[in-house]
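Quick look at input-v3.txt (compact mmCIF, C-alpha atoms):
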```
# COMPACT_ATOMS: atom_id res chain seq x y z
CA MET A 1 0.00 0.00 0.00
CA THR A 2 1.43 3.37 -1.00
CA THR A 3 2.04 6.22 1.39
CA GLN A 4 -0.62 8.29 -0.40
CA THR A 5 -3.21 5.53 -0.06
CA THR A 6 -2.30 5.07 3.59
CA GLY A 7 -2.75 8.78 4.16
CA LEU A 8 -6.17 8.82 2.49
CA TRP A 9 -7.25 5.77 4.48
CA GLY A 10 -6.06 7.41 7.67
CA LYS A 11 -8.04 10.57 6.95
CA LEU A 12 -11.15 8.51 6.23
CA ARG A 13 -10.74 6.66 9.53
CA GLU A 14 -10.36 9.97 11.34
CA ARG A 15 -13.56 11.28 9.77
CA VAL A 16 -15.48 8.12 10.70
CA ALA A 17 -14.12 8.22 14.26
CA SER A 18 -15.08 11.89 14.59
CA ALA A 19 -18.58 11.21 13.28
CA SER A 20 -18.96 8.26 15.65
CA LYS A 21 -17.97 10.44 18.59
CA LEU A 22 -20.55 13.06 17.65
CA GLY A 23 -23.55 10.87 16.90
CA GLY A 24 -22.56 7.29 17.58
CA ARG A 25 -25.10 4.50 17.60
CA ASN A 26 -28.00 6.95 17.85
CA ALA A 27 -27.07 8.52 14.52
CA LEU A 28 -27.25 5.16 12.77
CA LEU A 29 -30.61 4.33 14.33
CA TYR A 30 -32.05 7.74 13.53
CA THR A 31 -30.77 7.61 9.98
CA LEU A 32 -32.33 4.20 9.30
CA THR A 33 -35.64 4.75 11.06
CA THR A 34 -36.09 8.37 9.97
CA PHE A 35 -35.46 7.26 6.43
CA LEU A 36 -38.10 4.56 6.77
CA SER A 37 -40.68 6.76 8.47
CA ARG A 38 -40.29 9.52 5.89
CA ALA A 39 -39.62 7.23 2.98
CA ALA A 40 -43.09 5.68 2.84
CA VAL A 41 -43.85 8.03 -0.04
CA LEU A 42 -40.58 7.08 -1.74
CA VAL A 43 -41.23 3.37 -1.30
CA LEU A 44 -44.74 3.84 -2.65
CA ALA A 45 -43.64 6.09 -5.51
CA PRO A 46 -43.33 3.23 -8.05
CA LEU A 47 -46.90 2.23 -7.19
CA TYR A 48 -48.21 5.79 -7.40
CA THR A 49 -46.45 6.56 -10.69
CA ARG A 50 -48.18 3.54 -12.24
CA LYS A 51 -51.59 4.25 -10.74
CA LEU A 52 -51.58 8.06 -11.08
CA VAL A 53 -50.88 10.30 -14.04
CA PRO A 54 -48.28 13.06 -13.43
CA ALA A 55 -50.97 15.68 -12.77
CA GLU A 56 -52.54 13.51 -10.03
CA TYR A 57 -49.11 12.76 -8.58
CA GLY A 58 -48.54 16.51 -8.43
CA ASP A 59 -51.81 16.99 -6.53
CA LEU A 60 -50.73 14.29 -4.07
CA ALA A 61 -47.46 16.16 -3.53
CA LEU A 62 -49.42 19.34 -2.82
CA ALA A 63 -51.52 17.46 -0.25
CA GLN A 64 -48.32 16.30 1.41
CA THR A 65 -47.13 19.90 1.66
CA LEU A 66 -50.35 20.76 3.51
CA VAL A 67 -49.85 17.84 5.89
CA GLY A 68 -46.37 19.18 6.62
CA THR A 69 -47.42 22.84 6.91
CA LEU A 70 -50.60 22.77 9.02
CA PRO A 71 -48.82 21.58 12.21
CA THR A 72 -46.63 24.69 12.08
CA PHE A 73 -49.61 26.97 12.61
CA VAL A 74 -51.77 24.66 14.73
CA SER A 75 -49.06 23.90 17.32
CA LEU A 76 -48.01 27.55 17.79
CA GLY A 77 -44.43 26.27 17.72
CA LEU A 78 -44.83 24.38 21.01
CA LEU A 79 -42.81 21.39 19.78
CA SER A 80 -39.73 23.59 19.96
CA ALA A 81 -40.54 24.39 23.59
CA LEU A 82 -40.57 20.68 24.44
CA SER A 83 -36.84 20.26 23.90
CA ARG A 84 -36.10 23.58 25.57
CA PHE A 85 -38.03 22.61 28.71
CA PHE A 86 -36.35 19.21 28.71
CA PHE A 87 -32.84 20.70 28.74
CA GLU A 88 -33.81 23.09 31.53
CA GLY A 89 -34.00 20.08 33.85
CA ALA A 90 -30.88 19.15 35.79
CA THR A 91 -31.36 15.49 34.80
CA PRO A 92 -33.21 13.69 31.98
CA GLU A 93 -35.88 12.59 34.49
CA GLU A 94 -36.49 16.16 35.61
CA GLY A 95 -36.44 17.26 31.98
CA ILE A 96 -39.25 14.84 31.07
CA GLN A 97 -41.30 16.09 34.00
CA ARG A 98 -40.85 19.71 32.90
CA ALA A 99 -41.82 18.83 29.33
CA GLY A 100 -44.91 16.86 30.40
CA GLY A 101 -47.09 19.93 30.91
CA VAL A 102 -46.17 21.31 27.48
CA ALA A 103 -46.93 17.93 25.89
CA ARG A 104 -50.45 17.93 27.36
CA TRP A 105 -51.14 21.39 26.02
CA ILE A 106 -50.00 20.26 22.55
CA VAL A 107 -52.51 17.41 22.66
CA VAL A 108 -55.35 19.74 23.65
CA ILE A 109 -54.48 22.31 20.99
CA ALA A 110 -53.89 19.75 18.22
CA VAL A 111 -57.05 17.73 18.76
CA GLY A 112 -59.11 20.87 19.35
CA ALA A 113 -57.87 22.43 16.12
CA ALA A 114 -58.59 19.23 14.19
CA VAL A 115 -62.16 19.14 15.49
CA VAL A 116 -62.67 22.81 14.58
CA LEU A 117 -61.27 22.34 11.07
CA GLN A 118 -63.35 19.22 10.51
CA SER A 119 -66.46 21.08 11.64
CA LEU A 120 -65.70 23.94 9.25
CA LEU A 121 -65.53 21.49 6.35
CA PHE A 122 -69.18 20.63 6.99
CA VAL A 123 -70.36 24.24 6.65
CA VAL A 124 -67.88 26.05 4.37
CA PRO A 125 -68.69 25.82 0.63
CA LEU A 126 -65.96 23.92 -1.21
CA PRO A 127 -65.02 23.93 -4.93
CA GLY A 128 -65.65 20.17 -5.07
CA VAL A 129 -62.74 19.44 -7.42
CA GLY A 130 -59.28 17.95 -6.95
CA LEU A 131 -57.92 18.27 -3.43
CA PHE A 132 -60.59 20.77 -2.42
CA GLN A 133 -63.32 18.28 -1.62
CA PHE A 134 -64.72 17.36 1.78
CA HIS A 135 -63.31 13.82 1.85
CA GLU A 136 -59.85 14.78 0.62
CA LEU A 137 -59.50 17.76 2.96
CA SER A 138 -60.69 15.67 5.93
CA CYS A 139 -57.90 13.17 5.26
CA ILE A 140 -55.39 16.01 5.10
CA VAL A 141 -56.60 17.48 8.43
CA TRP A 142 -56.21 14.21 10.33
CA GLY A 143 -52.96 13.36 8.58
CA ALA A 144 -51.54 16.72 9.67
CA THR A 145 -52.84 16.22 13.22
CA GLY A 146 -51.06 12.87 13.45
CA ALA A 147 -47.84 14.35 12.10
CA LEU A 148 -47.93 16.99 14.84
CA MET A 149 -48.83 14.53 17.60
CA LEU A 150 -46.13 12.04 16.64
CA GLY A 151 -43.60 14.81 17.07
CA VAL A 152 -44.24 14.94 20.82
CA PRO A 153 -42.81 11.53 21.81
CA LEU A 154 -40.09 11.77 19.17
CA VAL A 155 -38.79 15.13 20.45
CA VAL A 156 -38.81 13.93 24.06
CA LEU A 157 -37.19 10.56 23.35
CA ARG A 158 -34.47 12.04 21.16
CA SER A 159 -33.72 14.74 23.70
CA ALA A 160 -33.34 11.97 26.28
CA GLN A 161 -31.14 10.04 23.77
CA ARG A 162 -33.50 7.04 23.89
CA ALA A 163 -32.90 6.21 20.26
CA GLY A 164 -34.33 2.67 20.41
CA THR A 165 -37.81 3.69 21.58
CA ALA A 166 -37.94 6.63 19.18
CA SER A 167 -37.01 4.27 16.34
CA VAL A 168 -39.81 1.84 17.25
CA LEU A 169 -42.38 4.64 17.04
CA GLN A 170 -41.08 5.68 13.62
CA LEU A 171 -41.23 2.10 12.39
CA ILE A 172 -44.86 1.81 13.53
CA ASP A 173 -45.70 4.99 11.61
CA PHE A 174 -43.90 3.64 8.54
CA ALA A 175 -45.73 0.30 8.70
CA VAL A 176 -49.16 1.92 9.02
CA SER A 177 -48.50 4.39 6.20
CA LEU A 178 -47.09 1.77 3.87
CA GLY A 179 -49.61 -0.97 4.62
CA SER A 180 -52.69 1.21 4.35
CA ALA A 181 -51.49 2.79 1.09
CA ILE A 182 -50.83 -0.59 -0.50
CA ILE A 183 -54.28 -1.87 0.49
CA LEU A 184 -56.17 1.26 -0.54
CA VAL A 185 -54.29 2.08 -3.75
CA ALA A 186 -52.88 -1.20 -5.07
CA VAL A 187 -55.51 -3.67 -3.85
CA MET A 188 -58.69 -1.58 -3.80
CA GLY A 189 -57.68 0.71 -6.67
CA ARG A 190 -58.84 3.94 -5.02
CA GLY A 191 -56.20 6.10 -6.73
CA ILE A 192 -55.29 9.47 -5.27
CA ARG A 193 -58.26 9.31 -2.90
CA GLY A 194 -56.89 6.06 -1.46
CA ALA A 195 -53.45 7.62 -1.03
CA LEU A 196 -54.98 10.47 0.96
CA GLU A 197 -57.07 8.05 3.01
CA ALA A 198 -53.87 6.23 3.96
CA THR A 199 -52.42 9.55 5.12
CA GLY A 200 -55.47 10.23 7.28
CA LEU A 201 -55.44 6.71 8.77
CA ALA A 202 -51.75 6.99 9.69
CA GLY A 203 -52.53 10.33 11.34
CA LEU A 204 -55.25 8.82 13.52
CA VAL A 205 -52.92 6.02 14.65
CA SER A 206 -50.15 8.51 15.47
CA THR A 207 -52.60 10.60 17.50
CA LEU A 208 -53.59 7.58 19.57
CA VAL A 209 -49.95 6.53 20.11
CA CYS A 210 -49.04 10.05 21.26
CA VAL A 211 -51.86 10.24 23.79
CA VAL A 212 -50.94 6.84 25.26
CA PHE A 213 -47.26 7.80 25.46
CA ILE A 214 -47.94 11.06 27.31
CA VAL A 215 -50.41 9.57 29.77
CA ARG A 216 -48.18 6.61 30.63
CA THR A 217 -44.69 8.12 30.65
CA MET A 218 -44.84 11.91 31.07
CA PRO A 219 -46.00 13.41 34.39
CA GLY A 220 -47.54 16.85 34.25
CA LYS A 221 -50.81 18.78 34.14
CA LEU A 222 -52.59 21.47 32.18
CA ASP A 223 -51.09 24.46 33.94
CA ARG A 224 -51.69 27.87 32.37
CA THR A 225 -48.39 29.12 33.74
CA VAL A 226 -46.58 26.36 31.86
CA LEU A 227 -48.45 27.24 28.68
CA SER A 228 -47.59 30.93 29.05
CA ARG A 229 -43.89 30.19 29.54
CA ALA A 230 -43.88 27.81 26.62
CA LEU A 231 -45.61 30.29 24.31
CA VAL A 232 -43.15 33.04 25.20
CA PHE A 233 -40.43 30.77 23.88
CA SER A 234 -42.30 29.14 20.97
CA LEU A 235 -44.32 31.94 19.36
CA PRO A 236 -41.24 33.69 17.93
CA TYR A 237 -40.51 30.42 16.16
CA VAL A 238 -43.83 30.35 14.29
CA PRO A 239 -42.70 32.85 11.61
CA HIS A 240 -39.50 30.83 11.34
CA PHE A 241 -41.32 27.54 10.82
CA ALA A 242 -43.78 29.16 8.41
CA ALA A 243 -40.95 30.69 6.40
CA ASN A 244 -39.14 27.36 6.26
CA GLN A 245 -42.27 25.71 4.91
CA LEU A 246 -42.68 28.43 2.30
CA LEU A 247 -39.07 27.92 1.25
CA LEU A 248 -39.78 24.21 0.73
CA ILE A 249 -43.23 24.27 -0.87
CA SER A 250 -43.79 27.58 -2.67
CA ASP A 251 -42.24 26.25 -5.88
CA ARG A 252 -44.82 23.44 -6.18
CA TRP A 253 -47.82 25.65 -5.55
CA LEU A 254 -46.53 28.24 -8.02
CA LEU A 255 -45.95 25.55 -10.65
CA LYS A 256 -49.59 24.56 -10.11
CA SER A 257 -50.80 28.15 -10.26
CA PHE A 258 -49.00 28.72 -13.57
CA GLY A 259 -50.76 25.68 -15.05
CA LEU A 260 -47.70 23.40 -15.20
CA ASP A 261 -49.58 20.38 -13.81
CA GLN A 262 -47.66 17.71 -15.72
CA GLU A 263 -44.31 19.28 -14.90
CA LEU A 264 -45.36 19.54 -11.25
CA GLY A 265 -45.84 15.77 -11.04
CA VAL A 266 -42.41 15.03 -12.50
CA TYR A 267 -40.73 17.71 -10.39
CA SER A 268 -42.41 16.35 -7.26
CA LEU A 269 -41.00 12.90 -8.00
CA ALA A 270 -37.52 14.35 -8.54
CA SER A 271 -37.80 16.20 -5.22
CA GLN A 272 -38.73 12.96 -3.46
CA LEU A 273 -35.82 11.16 -5.10
CA ALA A 274 -33.48 13.82 -3.69
CA ALA A 275 -35.17 13.65 -0.29
CA PRO A 276 -32.79 10.97 1.13
CA VAL A 277 -30.12 13.67 1.40
CA THR A 278 -32.32 15.73 3.70
CA ILE A 279 -33.61 12.64 5.52
CA VAL A 280 -30.09 11.53 6.41
CA ILE A 281 -29.03 15.05 7.39
CA LEU A 282 -32.08 15.51 9.61
CA ALA A 283 -31.47 12.13 11.24
CA TRP A 284 -27.86 13.11 11.83
CA ASN A 285 -29.01 16.45 13.21
CA GLU A 286 -31.38 14.70 15.63
CA ALA A 287 -28.55 12.49 16.84
CA VAL A 288 -25.90 15.21 17.12
CA SER A 289 -28.04 18.01 18.60
CA PRO A 290 -28.62 16.37 22.03
CA ARG A 291 -24.87 15.66 22.29
CA VAL A 292 -24.05 19.27 21.43
CA GLY A 293 -26.70 20.39 23.93
CA GLU A 294 -25.15 18.31 26.70
CA ASP A 295 -21.68 19.70 25.92
CA PHE A 296 -23.08 23.22 25.99
CA ARG A 297 -24.76 22.54 29.34
CA LYS A 298 -21.41 21.43 30.81
CA ARG A 299 -18.88 23.77 29.17
CA GLY A 300 -20.87 26.60 27.60
CA VAL A 301 -19.90 28.43 24.40
CA ILE A 302 -16.34 27.06 24.62
CA ALA A 303 -17.68 23.64 23.61
CA LEU A 304 -19.44 25.10 20.58
CA ARG A 305 -16.32 26.99 19.51
CA GLU A 306 -14.04 23.98 19.80
CA GLU A 307 -16.32 21.58 17.91
CA GLU A 308 -17.68 23.91 15.22
CA LYS A 309 -15.50 22.72 12.34
CA SER A 310 -15.83 19.00 13.04
CA VAL A 311 -19.61 19.26 13.48
CA VAL A 312 -20.18 21.24 10.27
CA ARG A 313 -17.85 18.99 8.28
CA SER A 314 -19.77 15.92 9.41
CA TYR A 315 -22.99 17.35 7.94
CA VAL A 316 -21.37 18.29 4.64
CA PHE A 317 -19.56 14.96 4.35
CA LEU A 318 -22.85 13.09 4.70
CA ALA A 319 -24.70 15.33 2.24
CA LEU A 320 -22.03 14.92 -0.45
CA GLY A 321 -21.86 11.15 0.07
CA ILE A 322 -25.61 10.59 -0.18
CA SER A 323 -25.89 12.94 -3.18
CA THR A 324 -23.17 11.05 -5.02
CA ALA A 325 -24.87 7.71 -4.34
CA LEU A 326 -28.20 9.03 -5.59
CA LEU A 327 -26.70 10.32 -8.83
CA VAL A 328 -24.87 7.04 -9.45
CA PHE A 329 -28.11 5.07 -9.19
CA SER A 330 -30.35 7.69 -10.80
CA PRO A 331 -30.65 5.82 -14.16
CA LEU A 332 -32.87 3.33 -12.32
CA VAL A 333 -35.56 6.02 -12.48
CA LEU A 334 -36.30 4.96 -16.04
CA ILE A 335 -36.88 1.35 -14.95
CA VAL A 336 -38.65 1.83 -11.64
CA PHE A 337 -40.98 4.76 -12.26
CA GLY A 338 -41.86 4.47 -15.93
CA SER A 339 -41.24 6.58 -19.00
CA ALA A 340 -43.86 9.19 -18.12
CA TYR A 341 -41.61 10.36 -15.28
CA SER A 342 -38.25 10.06 -17.07
CA ALA A 343 -37.66 13.83 -17.00
CA ALA A 344 -37.14 13.52 -13.23
CA LEU A 345 -33.69 12.12 -14.06
CA TRP A 346 -32.59 15.51 -15.42
CA PHE A 347 -33.86 17.47 -12.43
CA LEU A 348 -32.09 15.33 -9.84
CA PRO A 349 -28.51 16.76 -10.07
CA GLY A 350 -29.74 20.29 -9.50
CA LEU A 351 -31.88 19.23 -6.55
CA CYS A 352 -28.98 17.33 -4.96
CA LEU A 353 -26.88 20.48 -5.23
CA VAL A 354 -29.69 22.38 -3.51
CA MET A 355 -29.69 19.85 -0.65
CA VAL A 356 -25.93 20.26 -0.14
CA ILE A 357 -26.28 24.05 -0.06
CA GLU A 358 -29.07 23.80 2.52
CA THR A 359 -27.05 21.45 4.74
CA PHE A 360 -25.03 24.27 6.33
CA TYR A 361 -28.19 25.71 7.89
CA TYR A 362 -28.77 22.86 10.35
CA PRO A 363 -25.63 22.92 12.53
CA TYR A 364 -25.50 26.71 12.66
CA SER A 365 -29.18 27.03 13.57
CA ASN A 366 -28.50 24.64 16.46
CA TYR A 367 -25.73 26.94 17.68
CA LEU A 368 -28.07 29.91 17.58
CA PHE A 369 -30.65 27.88 19.51
CA PHE A 370 -28.30 26.87 22.32
CA MET A 371 -26.85 30.36 22.64
CA ASN A 372 -30.34 31.90 23.01
CA GLN A 373 -29.92 33.82 19.76
CA THR A 374 -33.30 32.60 18.54
CA LYS A 375 -34.46 36.07 17.49
CA ALA A 376 -32.11 35.87 14.53
CA ILE A 377 -33.56 32.61 13.20
CA PRO A 378 -37.01 33.89 12.09
CA LYS A 379 -35.37 36.86 10.37
CA ILE A 380 -33.03 34.55 8.48
CA THR A 381 -35.73 32.15 7.34
CA MET A 382 -38.12 34.96 6.40
CA LEU A 383 -35.41 36.56 4.28
CA ALA A 384 -34.72 33.22 2.59
CA ALA A 385 -38.43 32.52 1.99
CA VAL A 386 -39.11 35.95 0.50
CA THR A 387 -36.04 35.62 -1.73
CA ASN A 388 -37.19 32.19 -2.86
CA ILE A 389 -40.75 33.30 -3.66
CA ILE A 390 -39.60 36.36 -5.60
CA CYS A 391 -37.18 34.25 -7.64
CA ASN A 392 -39.92 31.67 -8.31
CA LEU A 393 -42.32 34.37 -9.52
CA LEU A 394 -39.66 35.77 -11.84
CA LEU A 395 -38.22 32.52 -13.19
CA ILE A 396 -40.96 29.86 -13.32
CA PRO A 397 -43.08 31.62 -15.98
CA PHE A 398 -40.06 31.69 -18.32
CA ILE A 399 -38.06 28.51 -17.64
CA GLY A 400 -40.50 26.34 -15.69
CA VAL A 401 -39.02 23.69 -13.41
CA ALA A 402 -35.46 24.94 -13.96
CA GLY A 403 -36.57 28.24 -12.48
CA ALA A 404 -37.93 26.45 -9.42
CA ILE A 405 -34.61 24.67 -8.87
CA VAL A 406 -32.55 27.84 -9.29
CA SER A 407 -34.88 29.71 -6.92
CA ARG A 408 -34.59 26.99 -4.30
CA ALA A 409 -30.79 27.11 -4.53
CA ILE A 410 -30.77 30.89 -4.09
CA GLY A 411 -33.19 30.80 -1.15
CA GLY A 412 -31.34 27.94 0.52
CA GLY A 413 -28.02 29.68 -0.02
CA VAL A 414 -29.30 32.83 1.67
CA ARG A 415 -30.53 30.80 4.65
CA SER A 416 -27.28 28.85 5.04
CA ALA A 417 -25.00 31.87 4.63
CA ALA A 418 -26.98 34.04 7.04
CA SER A 419 -27.14 31.28 9.67
CA ALA A 420 -23.40 30.66 9.47
CA TRP A 421 -22.56 34.35 9.73
CA SER A 422 -24.92 34.91 12.70
CA ALA A 423 -23.76 31.83 14.61
CA ARG A 424 -20.07 32.59 14.13
CA ALA A 425 -20.60 36.17 15.24
CA ALA A 426 -22.36 34.92 18.40
CA ILE A 427 -19.60 32.40 19.12
CA ARG A 428 -16.88 35.06 18.81
CA GLN A 429 -18.75 37.32 21.23
```

Could you express the structure from this file as structure tokens?
Amino acid sequence: MTTQTTGLWGKLRERVASASKLGGRNALLYTLTTFLSRAAVLVLAPLYTRKLVPAEYGDLALAQTLVGTLPTFVSLGLLSALSRFFFEGATPEEGIQRAGGVARWIVVIAVGAAVVLQSLLFVVPLPGVGLFQFHELSCIVWGATGALMLGVPLVVLRSAQRAGTASVLQLIDFAVSLGSAIILVAVMGRGIRGALEATGLAGLVSTLVCVVFIVRTMPGKLDRTVLSRALVFSLPYVPHFAANQLLLISDRWLLKSFGLDQELGVYSLASQLAAPVTIVILAWNEAVSPRVGEDFRKRGVIALREEEKSVVRSYVFLALGISTALLVFSPLVLIVFGSAYSAALWFLPGLCLVMVIETFYYPYSNYLFFMNQTKAIPKITMLAAVTNIICNLLLIPFIGVAGAIVSRAIGGGVRSAASAWSARAAIRQ
């Protein structure tokens, strides 16, 4: 073995050892189970692309954006307060007790909002076409409620570094989503309506699991003082979460509004094919963040300063590796998803580049969180979202999907650059 090869192998071993120290076994569990829980749509994509035309697949993607966006407004950002209250405790046990009251308020707010929205669907006149029908919107409401509720046990368990239990919950969600979709779409042939029904069913199961988890494992009560404290912390995050959602979904809704229904379906598939990059990064973030939080609790800003480079490099290394793997295997798109969606192959490289650009945001936003510089985060995400929407409005009418990809890269670049600059400034101070 040459000296050069030995040196490269040594550097690779150092990177792996550094990554293991940061995330360890939890990172592997989170990566696998988060991929499975969020990859139900990816696993089902070959079925959907054969049962749905591109325009219907695009409508399904829009429904999924609603399922992901509604919890942001319904929860008032209280999921973010869960982890904050947990780390205020001197021990994990005390942290769970502190978070228990917040968890109960999330249940009350989530279920109450779902009941209100469902009631409104009975009385508000609806267009009666596409997604905007009573049955379809009802499925979206309960799917979104379940997505919010499932976040409660996952946030608490990951903060407590109980990766095994968190992984089991994600696997249950994956099994319900996958099984119900196969039965309703493949076996019963219910098309896009069946796909939405599967989303609603998975949401109802997640709601039940969340309620059982809180009642059995999290002490606490519905204390207005707890709610007030939690809202003081969480409400500033609502614009941040809303802006993040706009950054991620505005391109699809604008493609729809400009009448590019067929292109929307293909672009949505390409976005889902690139999703493993974000899935892995988010799983890594969920594994690393509690470790960074514990270091910060013990040593303060010094710990953040010392580990900044190794932490950020670990994110980028993962993003580049997953992107490369996706591009290597991308020709399988033609075999797996059918010729009607072949254009997704050409959109994938640009979307992978977007994912790498967006990767820098996650570690630096964590630093801002731990250093109580949270006021900067909504400003950063709002700036990125506004930039993204303006670029979409200017570019999509002229160059279609390519304009959406360029706009996403610009918006993501603004978010990553601003987060890095703000976090480094805070660390130096």

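As for CA of Val266 in chain A and CA of Ala195 in chain A, they are spaced 17.6 Å apart.
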
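Residue nearest Cys391 in chain A, chosen from A:Glu136, A:Asp251, A:Glu307, A:Asp261 and counting only C-alpha atoms: A:Asp251.
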
Against range 56-62 of chain A, which residues of range 260-311 of chain A fall within 9 Å? For each one I want the closest pair of atoms and the distance in Å (one decimal), counting all atoms listed in the file, rows by chain and increasing residue number, as a Markdown table.
```
| residue | atom | partner | partner_atom | distance |
| --- | --- | --- | --- | --- |
| A:Asp261 | CA | A:Gly58 | CA | 6.7 |
| A:Gln262 | CA | A:Gly58 | CA | 7.4 |
| A:Glu263 | CA | A:Gly58 | CA | 8.2 |
| A:Leu264 | CA | A:Gly58 | CA | 5.2 |
| A:Gly265 | CA | A:Gly58 | CA | 3.8 |
| A:Val266 | CA | A:Gly58 | CA | 7.5 |
| A:Tyr267 | CA | A:Gly58 | CA | 8.1 |
| A:Ser268 | CA | A:Gly58 | CA | 6.2 |
| A:Leu269 | CA | A:Tyr57 | CA | 8.1 |
```

CA of Ser75 in chain A sits from CA of Leu157 in chain A at a separation of 18.8 Å

Per residue of range 180-202 of chain A within 10 Å of range 119-135 of chain A, what are the shortest atom pair and its distance in Å to one decimal, counting all atoms listed in the file, with rows by chain and residue number, as CSV?
```
residue,atom,partner,partner_atom,distance
A:Ile192,CA,A:Leu131,CA,9.4
A:Arg193,CA,A:His135,CA,8.3
A:Leu196,CA,A:His135,CA,9.0
A:Glu197,CA,A:His135,CA,8.6
```

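Of the residues listed (A:Leu204, A:Ala230, A:Val176, A:Leu383), A:Ala230 shows the shortest atom-to-atom separation from Leu79 in chain A; distances use only C-alpha atoms.
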
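Of the residues under consideration (A:Thr199, A:Ile410, A:Ala113, A:Ile106), A:Thr199 shows the shortest atom-to-atom contact distance to Leu137 in chain A when counting all atoms listed in the file.
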
How would you write as JSON, numbers by chain the residues that get within 7 Å of (-38.5, 9.8, 18.3) in the file's frame, counting all atoms listed in the file?
-> {"A": [153, 154, 155, 157, 158, 163, 165, 166, 167, 169, 170]}

Excluding same-chain residues fewer than 4 positions from Gly179 in chain A, what lies within 12 Å of it counting all atoms listed in the file, as a PyMOL selection string?
-> chain A and resi 40-41+43-44+171-175+183-187+194-195+197-199+201-202

Writing out the chosen residues with C-alpha atoms as a compact mmCIF listing (two decimals), in the frame of the given file:
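Result file is out27.txt:
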```txt
# COMPACT_ATOMS: atom_id res chain seq x y z
CA ALA A 40 -43.09 5.68 2.84
CA VAL A 41 -43.85 8.03 -0.04
CA VAL A 43 -41.23 3.37 -1.30
CA LEU A 44 -44.74 3.84 -2.65
CA LEU A 171 -41.23 2.10 12.39
CA ILE A 172 -44.86 1.81 13.53
CA ASP A 173 -45.70 4.99 11.61
CA PHE A 174 -43.90 3.64 8.54
CA ALA A 175 -45.73 0.30 8.70
CA ILE A 183 -54.28 -1.87 0.49
CA LEU A 184 -56.17 1.26 -0.54
CA VAL A 185 -54.29 2.08 -3.75
CA ALA A 186 -52.88 -1.20 -5.07
CA VAL A 187 -55.51 -3.67 -3.85
CA GLY A 194 -56.89 6.06 -1.46
CA ALA A 195 -53.45 7.62 -1.03
CA GLU A 197 -57.07 8.05 3.01
CA ALA A 198 -53.87 6.23 3.96
CA THR A 199 -52.42 9.55 5.12
CA LEU A 201 -55.44 6.71 8.77
CA ALA A 202 -51.75 6.99 9.69
```

Just need the box for range 211-222 of chain A, edges along x, y and z, holding every atom the file lists for it with 3 Å tacked onto each side, so centre and edge lengths in Å to one decimal, as lines of an AutoDock Vina configuration file.
```
center_x = -48.6
center_y = 14.0
center_z = 29.1
size_x = 13.9
size_y = 20.9
size_z = 16.6
```

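If all atoms listed in the file are the atoms counted, then among A:Leu248, A:Met382, A:Val67, A:Ile390 the closest residue to Cys139 in chain A is A:Val67.
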
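Taking all atoms listed in the file into account, Asn366 in chain A lies nearest to A:Arg291 out of the set A:Lys221, A:Arg291, A:Arg299, A:Arg98.
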
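Closest approach to Val401 in chain A from the set A:Phe73, A:Phe317, A:Trp346, A:Tyr48 is made by A:Trp346, with distances taken over all atoms listed in the file.
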
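For the pair CA of Leu178 in chain A and CA of Gly191 in chain A, the separation is 14.6 Å.
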